[in-house]
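Taking it in order: structure first as C-alpha cells, then the write-up.
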Amino acid sequence: MIERLLSLFRDEQKRPEPHHISLACAALLAEVMRADHAIDSEEEHALAQVMKNLFGLNDDECTELLHDALQRVEHSSDLFQFTAVINQQLDAAGKFRLVRGLWQVAYSSNGLDKYEEHIIRRIAELLYVPHSEFIRAKLEARDSP
C-alpha cells in the first residue's frame, strides 16, 4: 500500500506542465483585468496588444487565449501555478516585458486601481523581478501612449 502511494507521487512529478507559457502570461494579465472587479473593452484590447507583442499572436488567437485564461483564472486558487511556468521559461528581459504589460493593462482603463497595483506587485514578487525593474516597468507603461 505504501508503495502504491509513493508511485502516485512519482507519477504526479512526471506529468508534464499543463500550462503553456502564453496561457500562463494571459492568465496573469487576466488577473490584473479582474482585480478591480470590472472588465472593460479597453483592458481586453490592452491585453491583446500585450499578447501580440510578447508572442506575435493574431486577433483570433488572442481572443481564444483570453477566453481560456479567464476560465483558468476563475478556477485557480493561486498565482503560483502560472508564475512557476513563467519562471521556468522566461529570462529577466521576458519577465520585465510581462510586468510592463501588466501595468499597460492596469493603466488602459479609468486609471490605476489600488487592487490592480497590489496584484501586479504580488506577481512581480513571485517572478523575482527586482523592485527597480518593477518601478521602471510601471513608469514605462504609464508614459507610453
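For the C-alpha cells, the naming scheme is as follows: chains receive sequential letters (A, B, ...) according to their order of presentation, residues are indexed from 1 within each chain, and ligands are indexed from 1 in presentation order.
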
Using only C-alpha atoms, find each residue in range 111-134 of chain A having at least one atom no more than 7 Å away from range 90-102 of chain A; report its shortest atom-to-atom pair and that distance in Å (one decimal), rows by chain then rising number, as JSON lines.
{"residue": "A:Ile120", "atom": "CA", "partner": "A:Leu102", "partner_atom": "CA", "distance": 6.6}
{"residue": "A:Ala124", "atom": "CA", "partner": "A:Val99", "partner_atom": "CA", "distance": 6.7}
{"residue": "A:Glu133", "atom": "CA", "partner": "A:Phe96", "partner_atom": "CA", "distance": 6.9}

Q) Between A:His67, A:His118, A:His75, A:His20, which one has atoms that come closest to Asp36 in chain A, using only C-alpha atoms? A) A:His118

Name the residues of chain A that fall into alpha helix (DSSP H) according to DSSP on the backbone, using the chain letters and numbers of this document, as an mmCIF file with N, CA and C atoms, in the first residue's frame.
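Heads up, here's the output in out.cif:
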data_model
loop_
_atom_site.group_PDB
_atom_site.id
_atom_site.type_symbol
_atom_site.label_atom_id
_atom_site.label_comp_id
_atom_site.auth_asym_id
_atom_site.auth_seq_id
_atom_site.Cartn_x
_atom_site.Cartn_y
_atom_site.Cartn_z
ATOM 1 N N ILE A 2 1.916 1.255 0.786
ATOM 2 C CA ILE A 2 2.816 2.401 0.821
ATOM 3 C C ILE A 2 3.466 2.600 -0.540
ATOM 4 N N GLU A 3 3.860 1.521 -1.168
ATOM 5 C CA GLU A 3 4.464 1.613 -2.495
ATOM 6 C C GLU A 3 3.488 2.218 -3.505
ATOM 7 N N ARG A 4 2.227 1.873 -3.386
ATOM 8 C CA ARG A 4 1.221 2.425 -4.276
ATOM 9 C C ARG A 4 1.079 3.938 -4.098
ATOM 10 N N LEU A 5 1.079 4.390 -2.851
ATOM 11 C CA LEU A 5 1.013 5.823 -2.572
ATOM 12 C C LEU A 5 2.242 6.550 -3.115
ATOM 13 N N LEU A 6 3.406 5.968 -2.900
ATOM 14 C CA LEU A 6 4.634 6.578 -3.415
ATOM 15 C C LEU A 6 4.627 6.647 -4.940
ATOM 16 N N SER A 7 4.068 5.637 -5.579
ATOM 17 C CA SER A 7 4.010 5.649 -7.043
ATOM 18 C C SER A 7 3.094 6.760 -7.549
ATOM 19 N N LEU A 8 2.047 7.075 -6.796
ATOM 20 C CA LEU A 8 1.179 8.193 -7.185
ATOM 21 C C LEU A 8 1.940 9.503 -7.175
ATOM 22 N N PHE A 9 2.779 9.724 -6.167
ATOM 23 C CA PHE A 9 3.583 10.937 -6.101
ATOM 24 C C PHE A 9 4.607 10.983 -7.226
ATOM 25 N N ARG A 10 5.234 9.857 -7.533
ATOM 26 C CA ARG A 10 6.194 9.817 -8.634
ATOM 27 C C ARG A 10 5.506 10.115 -9.961
ATOM 28 N N ASP A 11 4.314 9.559 -10.168
ATOM 29 C CA ASP A 11 3.564 9.818 -11.394
ATOM 30 C C ASP A 11 3.181 11.291 -11.503
ATOM 31 N N GLU A 12 2.835 11.911 -10.386
ATOM 32 C CA GLU A 12 2.472 13.322 -10.369
ATOM 33 C C GLU A 12 3.653 14.184 -10.807
ATOM 34 N N GLN A 13 4.855 13.852 -10.366
ATOM 35 C CA GLN A 13 6.037 14.625 -10.726
ATOM 36 C C GLN A 13 6.404 14.445 -12.190
ATOM 37 N N LYS A 14 6.100 13.307 -12.789
ATOM 38 C CA LYS A 14 6.434 13.050 -14.183
ATOM 39 C C LYS A 14 5.463 13.721 -15.144
ATOM 40 N N ILE A 21 3.358 28.639 -21.877
ATOM 41 C CA ILE A 21 3.839 29.946 -21.430
ATOM 42 C C ILE A 21 2.871 31.071 -21.802
ATOM 43 N N SER A 22 2.312 31.035 -22.997
ATOM 44 C CA SER A 22 1.403 32.111 -23.403
ATOM 45 C C SER A 22 0.120 32.093 -22.565
ATOM 46 N N LEU A 23 -0.353 30.915 -22.222
ATOM 47 C CA LEU A 23 -1.539 30.817 -21.371
ATOM 48 C C LEU A 23 -1.236 31.320 -19.960
ATOM 49 N N ALA A 24 -0.063 31.004 -19.446
ATOM 50 C CA ALA A 24 0.323 31.472 -18.114
ATOM 51 C C ALA A 24 0.391 33.003 -18.090
ATOM 52 N N CYS A 25 0.991 33.594 -19.121
ATOM 53 C CA CYS A 25 1.068 35.061 -19.192
ATOM 54 C C CYS A 25 -0.323 35.669 -19.330
ATOM 55 N N ALA A 26 -1.153 35.091 -20.176
ATOM 56 C CA ALA A 26 -2.514 35.593 -20.364
ATOM 57 C C ALA A 26 -3.312 35.498 -19.065
ATOM 58 N N ALA A 27 -3.100 34.441 -18.304
ATOM 59 C CA ALA A 27 -3.809 34.292 -17.036
ATOM 60 C C ALA A 27 -3.423 35.392 -16.056
ATOM 61 N N LEU A 28 -2.152 35.741 -16.000
ATOM 62 C CA LEU A 28 -1.721 36.820 -15.107
ATOM 63 C C LEU A 28 -2.274 38.162 -15.574
ATOM 64 N N LEU A 29 -2.277 38.377 -16.875
ATOM 65 C CA LEU A 29 -2.864 39.602 -17.412
ATOM 66 C C LEU A 29 -4.362 39.656 -17.104
ATOM 67 N N ALA A 30 -5.032 38.524 -17.195
ATOM 68 C CA ALA A 30 -6.459 38.458 -16.875
ATOM 69 C C ALA A 30 -6.697 38.747 -15.390
ATOM 70 N N GLU A 31 -5.785 38.301 -14.536
ATOM 71 C CA GLU A 31 -5.905 38.601 -13.095
ATOM 72 C C GLU A 31 -5.887 40.105 -12.855
ATOM 73 N N VAL A 32 -5.043 40.808 -13.595
ATOM 74 C CA VAL A 32 -4.996 42.272 -13.454
ATOM 75 C C VAL A 32 -6.319 42.870 -13.934
ATOM 76 N N MET A 33 -6.849 42.365 -15.043
ATOM 77 C CA MET A 33 -8.137 42.856 -15.554
ATOM 78 C C MET A 33 -9.240 42.666 -14.525
ATOM 79 N N ARG A 34 -9.231 41.542 -13.847
ATOM 80 C CA ARG A 34 -10.282 41.210 -12.886
ATOM 81 C C ARG A 34 -10.089 41.876 -11.529
ATOM 82 N N ALA A 35 -8.932 42.430 -11.272
ATOM 83 C CA ALA A 35 -8.605 42.924 -9.929
ATOM 84 C C ALA A 35 -9.572 43.993 -9.433
ATOM 85 N N SER A 41 -13.679 46.896 -22.333
ATOM 86 C CA SER A 41 -13.091 46.653 -23.654
ATOM 87 C C SER A 41 -11.682 47.227 -23.772
ATOM 88 N N GLU A 42 -11.392 48.324 -23.077
ATOM 89 C CA GLU A 42 -10.046 48.899 -23.119
ATOM 90 C C GLU A 42 -9.025 47.923 -22.535
ATOM 91 N N GLU A 43 -9.389 47.268 -21.437
ATOM 92 C CA GLU A 43 -8.495 46.287 -20.826
ATOM 93 C C GLU A 43 -8.312 45.072 -21.727
ATOM 94 N N GLU A 44 -9.391 44.615 -22.337
ATOM 95 C CA GLU A 44 -9.277 43.481 -23.251
ATOM 96 C C GLU A 44 -8.384 43.821 -24.438
ATOM 97 N N HIS A 45 -8.541 45.031 -24.958
ATOM 98 C CA HIS A 45 -7.700 45.472 -26.077
ATOM 99 C C HIS A 45 -6.234 45.562 -25.647
ATOM 100 N N ALA A 46 -5.989 46.109 -24.460
ATOM 101 C CA ALA A 46 -4.613 46.216 -23.953
ATOM 102 C C ALA A 46 -4.003 44.831 -23.751
ATOM 103 N N LEU A 47 -4.785 43.894 -23.221
ATOM 104 C CA LEU A 47 -4.296 42.528 -23.032
ATOM 105 C C LEU A 47 -3.931 41.906 -24.382
ATOM 106 N N ALA A 48 -4.776 42.097 -25.369
ATOM 107 C CA ALA A 48 -4.491 41.554 -26.705
ATOM 108 C C ALA A 48 -3.218 42.159 -27.278
ATOM 109 N N GLN A 49 -3.038 43.459 -27.099
ATOM 110 C CA GLN A 49 -1.820 44.117 -27.600
ATOM 111 C C GLN A 49 -0.570 43.565 -26.920
ATOM 112 N N VAL A 50 -0.644 43.351 -25.622
ATOM 113 C CA VAL A 50 0.490 42.796 -24.887
ATOM 114 C C VAL A 50 0.807 41.394 -25.390
ATOM 115 N N MET A 51 -0.225 40.582 -25.577
ATOM 116 C CA MET A 51 -0.007 39.210 -26.057
ATOM 117 C C MET A 51 0.550 39.205 -27.480
ATOM 118 N N LYS A 52 0.099 40.141 -28.312
ATOM 119 C CA LYS A 52 0.648 40.256 -29.666
ATOM 120 C C LYS A 52 2.125 40.624 -29.606
ATOM 121 N N ASN A 53 2.462 41.569 -28.730
ATOM 122 C CA ASN A 53 3.859 41.997 -28.599
ATOM 123 C C ASN A 53 4.749 40.905 -28.022
ATOM 124 N N LEU A 54 4.245 40.170 -27.049
ATOM 125 C CA LEU A 54 5.052 39.130 -26.406
ATOM 126 C C LEU A 54 5.211 37.889 -27.278
ATOM 127 N N PHE A 55 4.125 37.484 -27.958
ATOM 128 C CA PHE A 55 4.125 36.186 -28.630
ATOM 129 C C PHE A 55 3.772 36.235 -30.113
ATOM 130 N N ASP A 59 -5.424 38.273 -33.877
ATOM 131 C CA ASP A 59 -6.625 38.632 -33.102
ATOM 132 C C ASP A 59 -7.411 37.416 -32.635
ATOM 133 N N ASP A 60 -7.599 36.445 -33.524
ATOM 134 C CA ASP A 60 -8.358 35.245 -33.154
ATOM 135 C C ASP A 60 -7.657 34.457 -32.052
ATOM 136 N N GLU A 61 -6.345 34.324 -32.168
ATOM 137 C CA GLU A 61 -5.583 33.606 -31.141
ATOM 138 C C GLU A 61 -5.660 34.331 -29.808
ATOM 139 N N CYS A 62 -5.607 35.659 -29.838
ATOM 140 C CA CYS A 62 -5.711 36.441 -28.600
ATOM 141 C C CYS A 62 -7.079 36.261 -27.948
ATOM 142 N N THR A 63 -8.128 36.279 -28.756
ATOM 143 C CA THR A 63 -9.484 36.110 -28.225
ATOM 144 C C THR A 63 -9.641 34.741 -27.578
ATOM 145 N N GLU A 64 -9.174 33.722 -28.268
ATOM 146 C CA GLU A 64 -9.266 32.358 -27.739
ATOM 147 C C GLU A 64 -8.436 32.205 -26.468
ATOM 148 N N LEU A 65 -7.235 32.770 -26.474
ATOM 149 C CA LEU A 65 -6.361 32.686 -25.311
ATOM 150 C C LEU A 65 -6.963 33.423 -24.118
ATOM 151 N N LEU A 66 -7.547 34.590 -24.354
ATOM 152 C CA LEU A 66 -8.182 35.340 -23.274
ATOM 153 C C LEU A 66 -9.335 34.544 -22.674
ATOM 154 N N HIS A 67 -10.148 33.945 -23.516
ATOM 155 C CA HIS A 67 -11.268 33.132 -23.035
ATOM 156 C C HIS A 67 -10.762 31.979 -22.165
ATOM 157 N N ASP A 68 -9.746 31.280 -22.648
ATOM 158 C CA ASP A 68 -9.171 30.160 -21.899
ATOM 159 C C ASP A 68 -8.545 30.639 -20.593
ATOM 160 N N ALA A 69 -7.819 31.760 -20.659
ATOM 161 C CA ALA A 69 -7.166 32.300 -19.459
ATOM 162 C C ALA A 69 -8.190 32.699 -18.399
ATOM 163 N N LEU A 70 -9.275 33.344 -18.818
ATOM 164 C CA LEU A 70 -10.306 33.741 -17.849
ATOM 165 C C LEU A 70 -10.934 32.528 -17.172
ATOM 166 N N GLN A 71 -11.124 31.452 -17.924
ATOM 167 C CA GLN A 71 -11.656 30.225 -17.317
ATOM 168 C C GLN A 71 -10.670 29.639 -16.318
ATOM 169 N N ARG A 72 -9.397 29.601 -16.678
ATOM 170 C CA ARG A 72 -8.382 29.046 -15.773
ATOM 171 C C ARG A 72 -8.275 29.878 -14.501
ATOM 172 N N VAL A 73 -8.283 31.189 -14.666
ATOM 173 C CA VAL A 73 -8.162 32.081 -13.508
ATOM 174 C C VAL A 73 -9.368 31.916 -12.586
ATOM 175 N N GLU A 74 -10.533 31.767 -13.179
ATOM 176 C CA GLU A 74 -11.760 31.594 -12.394
ATOM 177 C C GLU A 74 -11.680 30.361 -11.494
ATOM 178 N N HIS A 75 -11.014 29.317 -11.960
ATOM 179 C CA HIS A 75 -10.945 28.057 -11.218
ATOM 180 C C HIS A 75 -9.621 27.848 -10.490
ATOM 181 N N PHE A 80 0.681 31.000 -8.202
ATOM 182 C CA PHE A 80 1.922 30.233 -8.331
ATOM 183 C C PHE A 80 1.907 29.283 -9.514
ATOM 184 N N GLN A 81 0.773 28.667 -9.802
ATOM 185 C CA GLN A 81 0.730 27.729 -10.926
ATOM 186 C C GLN A 81 1.072 28.414 -12.244
ATOM 187 N N PHE A 82 0.814 29.705 -12.353
ATOM 188 C CA PHE A 82 1.139 30.447 -13.565
ATOM 189 C C PHE A 82 2.562 31.014 -13.504
ATOM 190 N N THR A 83 2.929 31.571 -12.349
ATOM 191 C CA THR A 83 4.263 32.172 -12.248
ATOM 192 C C THR A 83 5.360 31.115 -12.295
ATOM 193 N N ALA A 84 5.086 29.904 -11.848
ATOM 194 C CA ALA A 84 6.090 28.837 -11.906
ATOM 195 C C ALA A 84 6.460 28.526 -13.354
ATOM 196 N N VAL A 85 5.464 28.495 -14.225
ATOM 197 C CA VAL A 85 5.716 28.243 -15.653
ATOM 198 C C VAL A 85 6.571 29.365 -16.232
ATOM 199 N N ILE A 86 6.234 30.586 -15.883
ATOM 200 C CA ILE A 86 6.973 31.742 -16.409
ATOM 201 C C ILE A 86 8.398 31.750 -15.883
ATOM 202 N N ASN A 87 8.574 31.448 -14.604
ATOM 203 C CA ASN A 87 9.929 31.405 -14.039
ATOM 204 C C ASN A 87 10.797 30.356 -14.723
ATOM 205 N N GLN A 88 10.198 29.268 -15.158
ATOM 206 C CA GLN A 88 10.957 28.219 -15.833
ATOM 207 C C GLN A 88 11.308 28.599 -17.269
ATOM 208 N N GLN A 89 10.471 29.401 -17.922
ATOM 209 C CA GLN A 89 10.624 29.595 -19.358
ATOM 210 C C GLN A 89 11.026 30.987 -19.809
ATOM 211 N N ALA A 92 15.052 37.247 -17.580
ATOM 212 C CA ALA A 92 14.757 38.509 -16.893
ATOM 213 C C ALA A 92 14.127 39.531 -17.835
ATOM 214 N N ALA A 93 14.596 39.593 -19.078
ATOM 215 C CA ALA A 93 14.044 40.550 -20.039
ATOM 216 C C ALA A 93 12.594 40.203 -20.367
ATOM 217 N N GLY A 94 12.299 38.924 -20.525
ATOM 218 C CA GLY A 94 10.926 38.498 -20.795
ATOM 219 C C GLY A 94 10.001 38.793 -19.633
ATOM 220 N N LYS A 95 10.485 38.584 -18.431
ATOM 221 C CA LYS A 95 9.680 38.880 -17.244
ATOM 222 C C LYS A 95 9.414 40.380 -17.146
ATOM 223 N N PHE A 96 10.426 41.187 -17.482
ATOM 224 C CA PHE A 96 10.240 42.639 -17.462
ATOM 225 C C PHE A 96 9.157 43.046 -18.458
ATOM 226 N N ARG A 97 9.208 42.497 -19.679
ATOM 227 C CA ARG A 97 8.194 42.826 -20.685
ATOM 228 C C ARG A 97 6.801 42.426 -20.206
ATOM 229 N N LEU A 98 6.700 41.287 -19.529
ATOM 230 C CA LEU A 98 5.412 40.856 -18.992
ATOM 231 C C LEU A 98 4.922 41.818 -17.914
ATOM 232 N N VAL A 99 5.793 42.195 -16.996
ATOM 233 C CA VAL A 99 5.390 43.113 -15.920
ATOM 234 C C VAL A 99 4.979 44.465 -16.510
ATOM 235 N N ARG A 100 5.707 44.942 -17.518
ATOM 236 C CA ARG A 100 5.318 46.180 -18.194
ATOM 237 C C ARG A 100 3.932 45.996 -18.820
ATOM 238 N N GLY A 101 3.664 44.824 -19.399
ATOM 239 C CA GLY A 101 2.348 44.537 -19.960
ATOM 240 C C GLY A 101 1.257 44.526 -18.907
ATOM 241 N N LEU A 102 1.568 44.009 -17.726
ATOM 242 C CA LEU A 102 0.597 44.031 -16.625
ATOM 243 C C LEU A 102 0.211 45.474 -16.297
ATOM 244 N N TRP A 103 1.227 46.340 -16.250
ATOM 245 C CA TRP A 103 0.962 47.761 -15.983
ATOM 246 C C TRP A 103 0.158 48.381 -17.121
ATOM 247 N N GLN A 104 0.448 48.007 -18.372
ATOM 248 C CA GLN A 104 -0.295 48.562 -19.507
ATOM 249 C C GLN A 104 -1.776 48.209 -19.414
ATOM 250 N N VAL A 105 -2.070 46.998 -19.021
ATOM 251 C CA VAL A 105 -3.470 46.588 -18.841
ATOM 252 C C VAL A 105 -4.100 47.397 -17.714
ATOM 253 N N ALA A 106 -3.376 47.569 -16.623
ATOM 254 C CA ALA A 106 -3.917 48.321 -15.485
ATOM 255 C C ALA A 106 -4.181 49.784 -15.838
ATOM 256 N N TYR A 107 -3.290 50.397 -16.605
ATOM 257 C CA TYR A 107 -3.450 51.805 -16.979
ATOM 258 C C TYR A 107 -4.441 52.002 -18.126
ATOM 259 N N LYS A 114 -6.109 50.599 -6.955
ATOM 260 C CA LYS A 114 -5.222 50.074 -5.904
ATOM 261 C C LYS A 114 -5.160 48.551 -5.917
ATOM 262 N N TYR A 115 -6.250 47.889 -6.311
ATOM 263 C CA TYR A 115 -6.248 46.428 -6.369
ATOM 264 C C TYR A 115 -5.401 45.917 -7.531
ATOM 265 N N GLU A 116 -5.415 46.666 -8.629
ATOM 266 C CA GLU A 116 -4.571 46.301 -9.762
ATOM 267 C C GLU A 116 -3.096 46.428 -9.389
ATOM 268 N N GLU A 117 -2.768 47.515 -8.723
ATOM 269 C CA GLU A 117 -1.375 47.707 -8.297
ATOM 270 C C GLU A 117 -0.940 46.604 -7.342
ATOM 271 N N HIS A 118 -1.810 46.229 -6.441
ATOM 272 C CA HIS A 118 -1.485 45.175 -5.472
ATOM 273 C C HIS A 118 -1.205 43.842 -6.164
ATOM 274 N N ILE A 119 -2.062 43.462 -7.109
ATOM 275 C CA ILE A 119 -1.879 42.175 -7.776
ATOM 276 C C ILE A 119 -0.615 42.186 -8.630
ATOM 277 N N ILE A 120 -0.309 43.320 -9.258
ATOM 278 C CA ILE A 120 0.926 43.405 -10.048
ATOM 279 C C ILE A 120 2.140 43.275 -9.140
ATOM 280 N N ARG A 121 2.097 43.882 -7.995
ATOM 281 C CA ARG A 121 3.205 43.773 -7.027
ATOM 282 C C ARG A 121 3.396 42.319 -6.603
ATOM 283 N N ARG A 122 2.305 41.624 -6.322
ATOM 284 C CA ARG A 122 2.396 40.204 -5.928
ATOM 285 C C ARG A 122 2.977 39.364 -7.060
ATOM 286 N N ILE A 123 2.521 39.609 -8.280
ATOM 287 C CA ILE A 123 3.028 38.851 -9.423
ATOM 288 C C ILE A 123 4.509 39.110 -9.617
ATOM 289 N N ALA A 124 4.922 40.366 -9.548
ATOM 290 C CA ALA A 124 6.333 40.717 -9.727
ATOM 291 C C ALA A 124 7.199 40.037 -8.672
ATOM 292 N N GLU A 125 6.702 39.968 -7.451
ATOM 293 C CA GLU A 125 7.458 39.289 -6.398
ATOM 294 C C GLU A 125 7.586 37.802 -6.689
ATOM 295 N N LEU A 126 6.510 37.179 -7.162
ATOM 296 C CA LEU A 126 6.554 35.751 -7.491
ATOM 297 C C LEU A 126 7.446 35.465 -8.705
ATOM 298 N N HIS A 131 12.826 45.215 -7.480
ATOM 299 C CA HIS A 131 11.940 46.363 -7.280
ATOM 300 C C HIS A 131 12.256 47.488 -8.265
ATOM 301 N N SER A 132 13.525 47.699 -8.572
ATOM 302 C CA SER A 132 13.885 48.761 -9.516
ATOM 303 C C SER A 132 13.294 48.486 -10.900
ATOM 304 N N GLU A 133 13.252 47.224 -11.311
ATOM 305 C CA GLU A 133 12.665 46.860 -12.604
ATOM 306 C C GLU A 133 11.138 46.959 -12.549
ATOM 307 N N PHE A 134 10.572 46.645 -11.406
ATOM 308 C CA PHE A 134 9.132 46.787 -11.176
ATOM 309 C C PHE A 134 8.723 48.247 -11.394
ATOM 310 N N ILE A 135 9.485 49.158 -10.810
ATOM 311 C CA ILE A 135 9.199 50.595 -10.934
ATOM 312 C C ILE A 135 9.454 51.069 -12.358
ATOM 313 N N ARG A 136 10.536 50.618 -12.975
ATOM 314 C CA ARG A 136 10.844 51.013 -14.357
ATOM 315 C C ARG A 136 9.719 50.570 -15.291
ATOM 316 N N ALA A 137 9.217 49.351 -15.110
ATOM 317 C CA ALA A 137 8.115 48.851 -15.932
ATOM 318 C C ALA A 137 6.859 49.703 -15.735
ATOM 319 N N LYS A 138 6.595 50.076 -14.500
ATOM 320 C CA LYS A 138 5.428 50.910 -14.194
ATOM 321 C C LYS A 138 5.535 52.266 -14.880
ATOM 322 N N LEU A 139 6.701 52.889 -14.799
ATOM 323 C CA LEU A 139 6.894 54.200 -15.413
ATOM 324 C C LEU A 139 6.816 54.145 -16.927
ATOM 325 N N GLU A 140 7.406 53.116 -17.517
ATOM 326 C CA GLU A 140 7.339 52.962 -18.980
ATOM 327 C C GLU A 140 5.892 52.774 -19.442
ATOM 328 N N ALA A 141 5.132 51.976 -18.724
ATOM 329 C CA ALA A 141 3.737 51.735 -19.095
ATOM 330 C C ALA A 141 2.903 53.001 -18.916
ATOM 331 N N ARG A 142 3.155 53.718 -17.857
ATOM 332 C CA ARG A 142 2.408 54.948 -17.582
ATOM 333 C C ARG A 142 2.673 56.008 -18.645
ATOM 334 N N ASP A 143 3.930 56.093 -19.089
ATOM 335 C CA ASP A 143 4.326 57.131 -20.035
ATOM 336 C C ASP A 143 4.110 56.755 -21.492
#
